[in-house]
Amino acid sequence: MSFNLEVTGFRLNLFFFFFLLNPDIFVTVNVLKFPTDFFIWSFFIVDFTFFFKFVLFYSVYVLCRWLVLAMAMLRFYIKKGTHKGLYRSIARTLKFFQTFALVEVGHCAIGIVRTSVIVTGVQVCSRIFMVWLVASSIRQIQNEESVILFLVVWTVTEITRYSYYTFKLLNHLPYFVKWARYNFFIVLYPLGVIGELLSIYAALPFVRRSGMYSMRLPNKYNVSFDYYYCLIIVMLSYIPCKETVCLEPTFKLLQTSFSCKTHLTHSKGSKLAVRMRSINKKVIGSISSISENYG
């Protein structure tokens, strides 16, 4: 049978919501049969807390989503022998998958994941922007190599990231998965940025000619907006700031400073020393949390 990407994505999403509605029962998945010899064999979740089950299942769910998308892209290229038309064939599923990633911002906000809400929000929203307002809106650039480049980078990045999360939660982390998680980004990050920037750059002439998403004066709202210049501003926002480069050494220095103060007050044996140790412990914990988010 032919591979139906939309049906596959629907089954994954249906199964995910079924799990959320039934968090306290045994969850057994015998076989999820996809129309292209793609199987997710059974796994059994029992006697875990709701929190652990949610995080584990969400990681498996997202991993499966990107594996399905990767397989669809690979099958298209093997069958057609070209990347032209690839984006159009996966556009609807990609838009749903990437928009659904807003859930991750909620995870950060309620504390399920120890990551900055702002950092995660910017990352997710930038991808949604690329999918909805650039690649999907401007059909003339959908066959550009740069679009396929950032698609491949996103896919490899997410498969690597959620493979790492899944195996780590199961306390069985293969060396290669760990190595890939902390080394692939050295190549993937600049490639993804290049792909996104080149895609936006390729869209500029079409946006300028068509005036899409722009508002010219005069109008009844008395507001002017030029999407062409908006895209240029977005491209400029990719330039890294100096402050972000210096954050990690600063956090390390702060941690060392507070640790030294704690050690010095420890020898005095007074009530003030006990109070200082308590305060310093909280401060060091806060610095560590911020360092993890921005490092």
# chains A, B, ... in the order shown; residues from 1 in each chain; ligands from 1
call {"tool": "residues_around", "arguments": {"residues": "A:Gly85", "least_positions_apart": "4", "cutoff": "12 Å", "atoms": "only C-alpha atoms", "output": "VMD selection string"}}
result
chain A and resid 73 76 to 77 79 to 81 89 to 91 139 to 145 147 to 148
call {"tool": "write_last_selection", "arguments": {"atoms": "all heavy atoms", "output": "compact mmCIF listing (two decimals), in the first residue's frame"}}
result
# COMPACT_ATOMS: atom_id res chain seq x y z
N MET A 73 9.99 11.96 3.56
CA MET A 73 10.92 12.73 2.73
C MET A 73 11.85 11.79 1.95
O MET A 73 12.11 12.01 0.76
CB MET A 73 11.74 13.68 3.61
CG MET A 73 10.92 14.78 4.26
SD MET A 73 11.79 15.66 5.58
CE MET A 73 13.15 16.38 4.67
N PHE A 76 9.94 9.98 -0.86
CA PHE A 76 9.66 10.89 -1.97
C PHE A 76 10.89 11.06 -2.84
O PHE A 76 10.80 11.00 -4.07
CB PHE A 76 9.20 12.25 -1.44
CG PHE A 76 8.86 13.25 -2.52
CD1 PHE A 76 7.56 13.36 -2.99
CD2 PHE A 76 9.84 14.06 -3.09
CE1 PHE A 76 7.24 14.26 -4.00
CE2 PHE A 76 9.54 14.97 -4.09
CZ PHE A 76 8.23 15.07 -4.54
N TYR A 77 12.04 11.28 -2.22
CA TYR A 77 13.26 11.51 -2.99
C TYR A 77 13.67 10.26 -3.77
O TYR A 77 14.10 10.35 -4.92
CB TYR A 77 14.39 11.95 -2.06
CG TYR A 77 15.62 12.38 -2.80
CD1 TYR A 77 15.72 13.65 -3.37
CD2 TYR A 77 16.70 11.50 -2.97
CE1 TYR A 77 16.85 14.04 -4.07
CE2 TYR A 77 17.83 11.89 -3.67
CZ TYR A 77 17.90 13.16 -4.22
OH TYR A 77 19.03 13.54 -4.92
N LYS A 79 11.67 7.90 -4.82
CA LYS A 79 10.68 7.66 -5.88
C LYS A 79 10.80 8.67 -7.02
O LYS A 79 10.76 8.31 -8.20
CB LYS A 79 9.27 7.72 -5.28
CG LYS A 79 8.17 7.38 -6.27
CD LYS A 79 6.81 7.39 -5.58
CE LYS A 79 5.69 7.05 -6.57
NZ LYS A 79 4.36 7.06 -5.91
N LYS A 80 10.97 9.96 -6.69
CA LYS A 80 10.99 11.01 -7.71
C LYS A 80 12.38 11.31 -8.23
O LYS A 80 12.54 11.82 -9.35
CB LYS A 80 10.38 12.30 -7.13
CG LYS A 80 8.95 12.15 -6.61
CD LYS A 80 7.96 11.94 -7.74
CE LYS A 80 6.53 11.90 -7.21
NZ LYS A 80 5.53 11.73 -8.28
N GLY A 81 13.39 11.07 -7.40
CA GLY A 81 14.75 11.35 -7.82
C GLY A 81 15.09 12.83 -7.80
O GLY A 81 16.11 13.25 -8.35
N SER A 89 4.59 18.05 -0.68
CA SER A 89 4.03 16.75 -0.32
C SER A 89 3.91 16.56 1.19
O SER A 89 3.10 15.75 1.66
CB SER A 89 4.88 15.62 -0.91
OG SER A 89 6.15 15.55 -0.27
N ILE A 90 4.72 17.28 1.96
CA ILE A 90 4.68 17.11 3.42
C ILE A 90 4.21 18.37 4.14
O ILE A 90 4.19 18.40 5.37
CB ILE A 90 6.08 16.72 3.96
CG1 ILE A 90 7.07 17.86 3.71
CG2 ILE A 90 6.56 15.42 3.35
CD1 ILE A 90 8.37 17.71 4.45
N ALA A 91 3.81 19.40 3.39
CA ALA A 91 3.53 20.71 3.98
C ALA A 91 2.45 20.66 5.07
O ALA A 91 2.64 21.21 6.16
CB ALA A 91 3.12 21.69 2.89
N ARG A 139 5.02 30.10 -2.38
CA ARG A 139 5.22 28.83 -3.09
C ARG A 139 6.42 28.85 -4.02
O ARG A 139 6.98 27.80 -4.34
CB ARG A 139 3.96 28.50 -3.89
CG ARG A 139 2.74 28.24 -3.01
CD ARG A 139 1.53 27.81 -3.83
NE ARG A 139 0.38 27.53 -2.99
CZ ARG A 139 -0.79 27.13 -3.46
NH1 ARG A 139 -0.97 26.98 -4.78
NH2 ARG A 139 -1.80 26.88 -2.63
N GLN A 140 6.82 30.03 -4.46
CA GLN A 140 7.93 30.13 -5.41
C GLN A 140 9.26 29.63 -4.82
O GLN A 140 10.18 29.30 -5.57
CB GLN A 140 8.10 31.57 -5.89
CG GLN A 140 6.96 32.08 -6.76
CD GLN A 140 5.84 32.70 -5.93
OE1 GLN A 140 5.71 32.42 -4.74
NE2 GLN A 140 5.03 33.54 -6.56
N ILE A 141 9.36 29.60 -3.51
CA ILE A 141 10.64 29.18 -2.91
C ILE A 141 10.61 27.74 -2.40
O ILE A 141 11.61 27.26 -1.87
CB ILE A 141 11.03 30.12 -1.75
CG1 ILE A 141 10.09 29.92 -0.54
CG2 ILE A 141 11.07 31.56 -2.20
CD1 ILE A 141 10.61 30.53 0.73
N GLN A 142 9.48 27.06 -2.53
CA GLN A 142 9.35 25.72 -1.96
C GLN A 142 10.29 24.69 -2.57
O GLN A 142 10.60 23.68 -1.94
CB GLN A 142 7.91 25.25 -2.07
CG GLN A 142 6.95 26.01 -1.17
CD GLN A 142 5.51 25.54 -1.27
OE1 GLN A 142 5.19 24.63 -2.05
NE2 GLN A 142 4.63 26.15 -0.51
N ASN A 143 10.75 24.94 -3.78
CA ASN A 143 11.68 24.01 -4.43
C ASN A 143 13.15 24.44 -4.28
O ASN A 143 14.03 23.82 -4.87
CB ASN A 143 11.34 23.88 -5.91
CG ASN A 143 10.02 23.16 -6.13
OD1 ASN A 143 9.63 22.29 -5.34
ND2 ASN A 143 9.32 23.51 -7.20
N GLU A 144 13.38 25.47 -3.48
CA GLU A 144 14.75 25.91 -3.24
C GLU A 144 15.49 24.89 -2.38
O GLU A 144 14.93 24.29 -1.47
CB GLU A 144 14.76 27.27 -2.54
CG GLU A 144 14.22 28.41 -3.38
CD GLU A 144 15.20 28.86 -4.45
OE1 GLU A 144 16.42 28.62 -4.28
OE2 GLU A 144 14.75 29.44 -5.46
N GLU A 145 16.79 24.72 -2.68
CA GLU A 145 17.60 23.79 -1.89
C GLU A 145 17.69 24.21 -0.43
O GLU A 145 17.79 23.36 0.47
CB GLU A 145 19.02 23.70 -2.47
CG GLU A 145 19.13 22.95 -3.78
CD GLU A 145 18.79 23.81 -5.00
OE1 GLU A 145 18.41 24.99 -4.80
OE2 GLU A 145 18.89 23.30 -6.13
N VAL A 147 15.37 25.44 1.47
CA VAL A 147 14.20 24.97 2.21
C VAL A 147 14.39 23.51 2.61
O VAL A 147 14.11 23.12 3.75
CB VAL A 147 12.91 25.14 1.37
CG1 VAL A 147 11.72 24.51 2.07
CG2 VAL A 147 12.65 26.61 1.09
N ILE A 148 14.87 22.71 1.67
CA ILE A 148 15.12 21.30 1.98
C ILE A 148 16.23 21.18 3.01
O ILE A 148 16.19 20.29 3.87
CB ILE A 148 15.51 20.53 0.69
CG1 ILE A 148 14.46 20.76 -0.39
CG2 ILE A 148 15.66 19.05 0.98
CD1 ILE A 148 13.05 20.39 0.00
call {"tool": "residues_around", "arguments": {"residues": "stretch 168-173 of chain A", "least_positions_apart": "4", "cutoff": "9 Å", "atoms": "only C-alpha atoms", "output": "NGL selection string"}}
result
:A and (52 or 55-56 or 163-164 or 177-178)
call {"tool": "closest_residue", "arguments": {"among": "A:Ala202, A:Ile128, A:Ala70, A:Ile138", "to": "A:Val153", "atoms": "only C-alpha atoms"}}
result
A:Ala70
call {"tool": "closest_residue", "arguments": {"among": "A:Val103, A:Val60, A:Val152, A:Ile232", "to": "A:His83", "atoms": "only C-alpha atoms"}}
result
A:Val152
call {"tool": "select_by_dssp", "arguments": {"residues": "stretch 88-161 of chain A", "states": "alpha helix (DSSP H)", "output": "PyMOL selection string"}}
result
chain A and resi 88-100+102-110+117-128+145-161
call {"tool": "atom_distance", "arguments": {"atom1": "atom CA of A:Tyr175", "atom2": "atom CA of A:Thr157"}}
result
16.9 Å
call {"tool": "atom_distance", "arguments": {"atom1": "atom CA of A:Arg114", "atom2": "atom CA of A:Phe167"}}
result
18.0 Å
call {"tool": "atom_distance", "arguments": {"atom1": "atom CA of A:Asn222", "atom2": "atom CA of A:Val134"}}
result
26.0 Å
call {"tool": "closest_atom_pairs", "arguments": {"of": "stretch 44-155 of chain A", "to": "stretch 185-190 of chain A", "cutoff": "12 Å", "atoms": "only C-alpha atoms", "output": "Markdown table"}}
result
| residue | atom | partner | partner_atom | distance |
| --- | --- | --- | --- | --- |
| A:Leu149 | CA | A:Leu188 | CA | 9.9 |
| A:Phe150 | CA | A:Leu188 | CA | 9.1 |
| A:Leu151 | CA | A:Leu188 | CA | 11.1 |
| A:Val152 | CA | A:Leu188 | CA | 9.4 |
| A:Val153 | CA | A:Leu188 | CA | 5.9 |
| A:Trp154 | CA | A:Leu188 | CA | 8.4 |
| A:Thr155 | CA | A:Leu188 | CA | 10.3 |
call {"tool": "write_last_selection", "arguments": {"atoms": "N, CA, C and O atoms", "output": "short mmCIF file (atom, residue, chain, number, x, y, z; two decimals), in the first residue's frame"}}
result
data_model
loop_
_atom_site.label_atom_id
_atom_site.label_comp_id
_atom_site.auth_asym_id
_atom_site.auth_seq_id
_atom_site.Cartn_x
_atom_site.Cartn_y
_atom_site.Cartn_z
N LEU A 149 17.20 22.09 2.96
CA LEU A 149 18.31 22.06 3.91
C LEU A 149 17.82 22.22 5.34
O LEU A 149 18.15 21.40 6.22
N PHE A 150 17.01 23.26 5.61
CA PHE A 150 16.57 23.44 7.00
C PHE A 150 15.56 22.37 7.41
O PHE A 150 15.48 22.01 8.59
N LEU A 151 14.82 21.80 6.45
CA LEU A 151 13.93 20.69 6.78
C LEU A 151 14.72 19.46 7.24
O LEU A 151 14.37 18.83 8.24
N VAL A 152 15.77 19.14 6.52
CA VAL A 152 16.61 17.99 6.88
C VAL A 152 17.28 18.23 8.22
O VAL A 152 17.34 17.33 9.08
N VAL A 153 17.77 19.45 8.44
CA VAL A 153 18.43 19.78 9.70
C VAL A 153 17.45 19.67 10.86
O VAL A 153 17.77 19.07 11.90
N TRP A 154 16.25 20.22 10.72
CA TRP A 154 15.24 20.11 11.77
C TRP A 154 14.95 18.65 12.09
O TRP A 154 14.86 18.27 13.25
N THR A 155 14.79 17.86 11.04
CA THR A 155 14.43 16.45 11.22
C THR A 155 15.51 15.69 11.97
O THR A 155 15.23 14.98 12.94
#
call {"tool": "decode", "arguments": {"residues": "stretch 211-239 of chain A", "atoms": "N, CA, C and O atoms", "output": "mmCIF file, in the first residue's frame"}}
result
data_model
loop_
_atom_site.group_PDB
_atom_site.id
_atom_site.type_symbol
_atom_site.label_atom_id
_atom_site.label_comp_id
_atom_site.auth_asym_id
_atom_site.auth_seq_id
_atom_site.Cartn_x
_atom_site.Cartn_y
_atom_site.Cartn_z
ATOM 1 N N GLY A 211 3.741 42.461 -2.523
ATOM 2 C CA GLY A 211 3.248 43.259 -1.397
ATOM 3 C C GLY A 211 2.451 42.448 -0.399
ATOM 4 O O GLY A 211 1.615 43.003 0.329
ATOM 5 N N MET A 212 2.691 41.151 -0.343
ATOM 6 C CA MET A 212 1.928 40.274 0.546
ATOM 7 C C MET A 212 2.129 40.657 2.013
ATOM 8 O O MET A 212 3.206 41.075 2.431
ATOM 9 N N TYR A 213 1.063 40.492 2.775
ATOM 10 C CA TYR A 213 1.025 40.769 4.213
ATOM 11 C C TYR A 213 1.411 42.219 4.546
ATOM 12 O O TYR A 213 1.764 42.512 5.691
ATOM 13 N N SER A 214 1.356 43.112 3.580
ATOM 14 C CA SER A 214 1.738 44.506 3.798
ATOM 15 C C SER A 214 0.507 45.401 3.782
ATOM 16 O O SER A 214 -0.492 45.090 3.139
ATOM 17 N N MET A 215 0.587 46.503 4.488
ATOM 18 C CA MET A 215 -0.478 47.499 4.519
ATOM 19 C C MET A 215 0.098 48.847 4.118
ATOM 20 O O MET A 215 1.085 49.311 4.703
ATOM 21 N N ARG A 216 -0.491 49.456 3.106
ATOM 22 C CA ARG A 216 -0.014 50.742 2.611
ATOM 23 C C ARG A 216 -0.967 51.858 3.055
ATOM 24 O O ARG A 216 -2.172 51.660 3.184
ATOM 25 N N LEU A 217 -0.394 53.007 3.261
ATOM 26 C CA LEU A 217 -1.199 54.199 3.546
ATOM 27 C C LEU A 217 -1.659 54.842 2.246
ATOM 28 O O LEU A 217 -0.947 54.778 1.236
ATOM 29 N N PRO A 218 -2.811 55.447 2.198
ATOM 30 C CA PRO A 218 -3.780 55.573 3.310
ATOM 31 C C PRO A 218 -4.674 54.345 3.414
ATOM 32 O O PRO A 218 -4.959 53.672 2.425
ATOM 33 N N ASN A 219 -5.122 54.043 4.605
ATOM 34 C CA ASN A 219 -6.124 53.005 4.850
ATOM 35 C C ASN A 219 -6.942 53.401 6.072
ATOM 36 O O ASN A 219 -6.572 54.324 6.807
ATOM 37 N N LYS A 220 -8.047 52.721 6.291
ATOM 38 C CA LYS A 220 -8.974 53.115 7.364
ATOM 39 C C LYS A 220 -8.386 52.940 8.758
ATOM 40 O O LYS A 220 -8.864 53.553 9.725
ATOM 41 N N TYR A 221 -7.346 52.091 8.859
ATOM 42 C CA TYR A 221 -6.714 51.892 10.162
ATOM 43 C C TYR A 221 -5.579 52.884 10.409
ATOM 44 O O TYR A 221 -5.060 52.979 11.522
ATOM 45 N N ASN A 222 -5.169 53.575 9.349
ATOM 46 C CA ASN A 222 -4.075 54.543 9.434
ATOM 47 C C ASN A 222 -2.790 53.901 9.968
ATOM 48 O O ASN A 222 -2.063 54.477 10.787
ATOM 49 N N VAL A 223 -2.544 52.673 9.509
ATOM 50 C CA VAL A 223 -1.368 51.905 9.931
ATOM 51 C C VAL A 223 -0.627 51.426 8.700
ATOM 52 O O VAL A 223 -1.240 50.993 7.724
ATOM 53 N N SER A 224 0.689 51.486 8.761
ATOM 54 C CA SER A 224 1.512 51.027 7.652
ATOM 55 C C SER A 224 2.391 49.867 8.118
ATOM 56 O O SER A 224 2.964 49.906 9.217
ATOM 57 N N PHE A 225 2.456 48.833 7.301
ATOM 58 C CA PHE A 225 3.309 47.675 7.618
ATOM 59 C C PHE A 225 3.847 47.098 6.319
ATOM 60 O O PHE A 225 3.109 46.894 5.366
ATOM 61 N N ASP A 226 5.160 46.846 6.302
ATOM 62 C CA ASP A 226 5.804 46.286 5.107
ATOM 63 C C ASP A 226 6.454 44.959 5.471
ATOM 64 O O ASP A 226 7.434 44.917 6.225
ATOM 65 N N TYR A 227 5.885 43.880 4.947
ATOM 66 C CA TYR A 227 6.390 42.543 5.257
ATOM 67 C C TYR A 227 7.804 42.341 4.724
ATOM 68 O O TYR A 227 8.581 41.574 5.303
ATOM 69 N N TYR A 228 8.145 43.030 3.650
ATOM 70 C CA TYR A 228 9.490 42.943 3.065
ATOM 71 C C TYR A 228 10.537 43.364 4.097
ATOM 72 O O TYR A 228 11.522 42.646 4.329
ATOM 73 N N TYR A 229 10.333 44.494 4.736
ATOM 74 C CA TYR A 229 11.279 44.974 5.745
ATOM 75 C C TYR A 229 11.191 44.151 7.024
ATOM 76 O O TYR A 229 12.182 44.023 7.762
ATOM 77 N N CYS A 230 10.034 43.589 7.281
ATOM 78 C CA CYS A 230 9.883 42.689 8.427
ATOM 79 C C CYS A 230 10.796 41.472 8.274
ATOM 80 O O CYS A 230 11.461 41.052 9.224
ATOM 81 N N LEU A 231 10.853 40.913 7.063
ATOM 82 C CA LEU A 231 11.722 39.771 6.805
ATOM 83 C C LEU A 231 13.192 40.147 6.954
ATOM 84 O O LEU A 231 14.005 39.352 7.451
ATOM 85 N N ILE A 232 13.549 41.344 6.534
ATOM 86 C CA ILE A 232 14.935 41.801 6.681
ATOM 87 C C ILE A 232 15.295 41.904 8.165
ATOM 88 O O ILE A 232 16.394 41.498 8.591
ATOM 89 N N ILE A 233 14.364 42.427 8.975
ATOM 90 C CA ILE A 233 14.592 42.523 10.417
ATOM 91 C C ILE A 233 14.745 41.136 11.032
ATOM 92 O O ILE A 233 15.598 40.909 11.908
ATOM 93 N N VAL A 234 13.933 40.186 10.569
ATOM 94 C CA VAL A 234 14.040 38.807 11.054
ATOM 95 C C VAL A 234 15.417 38.243 10.727
ATOM 96 O O VAL A 234 16.048 37.576 11.566
ATOM 97 N N MET A 235 15.914 38.497 9.524
ATOM 98 C CA MET A 235 17.247 38.029 9.148
ATOM 99 C C MET A 235 18.319 38.640 10.043
ATOM 100 O O MET A 235 19.256 37.951 10.474
ATOM 101 N N LEU A 236 18.195 39.929 10.346
ATOM 102 C CA LEU A 236 19.170 40.599 11.214
ATOM 103 C C LEU A 236 19.128 40.053 12.638
ATOM 104 O O LEU A 236 20.135 40.064 13.347
ATOM 105 N N SER A 237 17.954 39.546 13.057
ATOM 106 C CA SER A 237 17.822 39.009 14.415
ATOM 107 C C SER A 237 18.621 37.723 14.616
ATOM 108 O O SER A 237 18.822 37.284 15.752
ATOM 109 N N TYR A 238 19.070 37.109 13.525
ATOM 110 C CA TYR A 238 19.889 35.898 13.637
ATOM 111 C C TYR A 238 21.312 36.211 14.093
ATOM 112 O O TYR A 238 22.059 35.306 14.462
ATOM 113 N N ILE A 239 21.713 37.484 14.046
ATOM 114 C CA ILE A 239 23.059 37.857 14.470
ATOM 115 C C ILE A 239 23.154 37.684 15.981
ATOM 116 O O ILE A 239 22.366 38.266 16.722
#
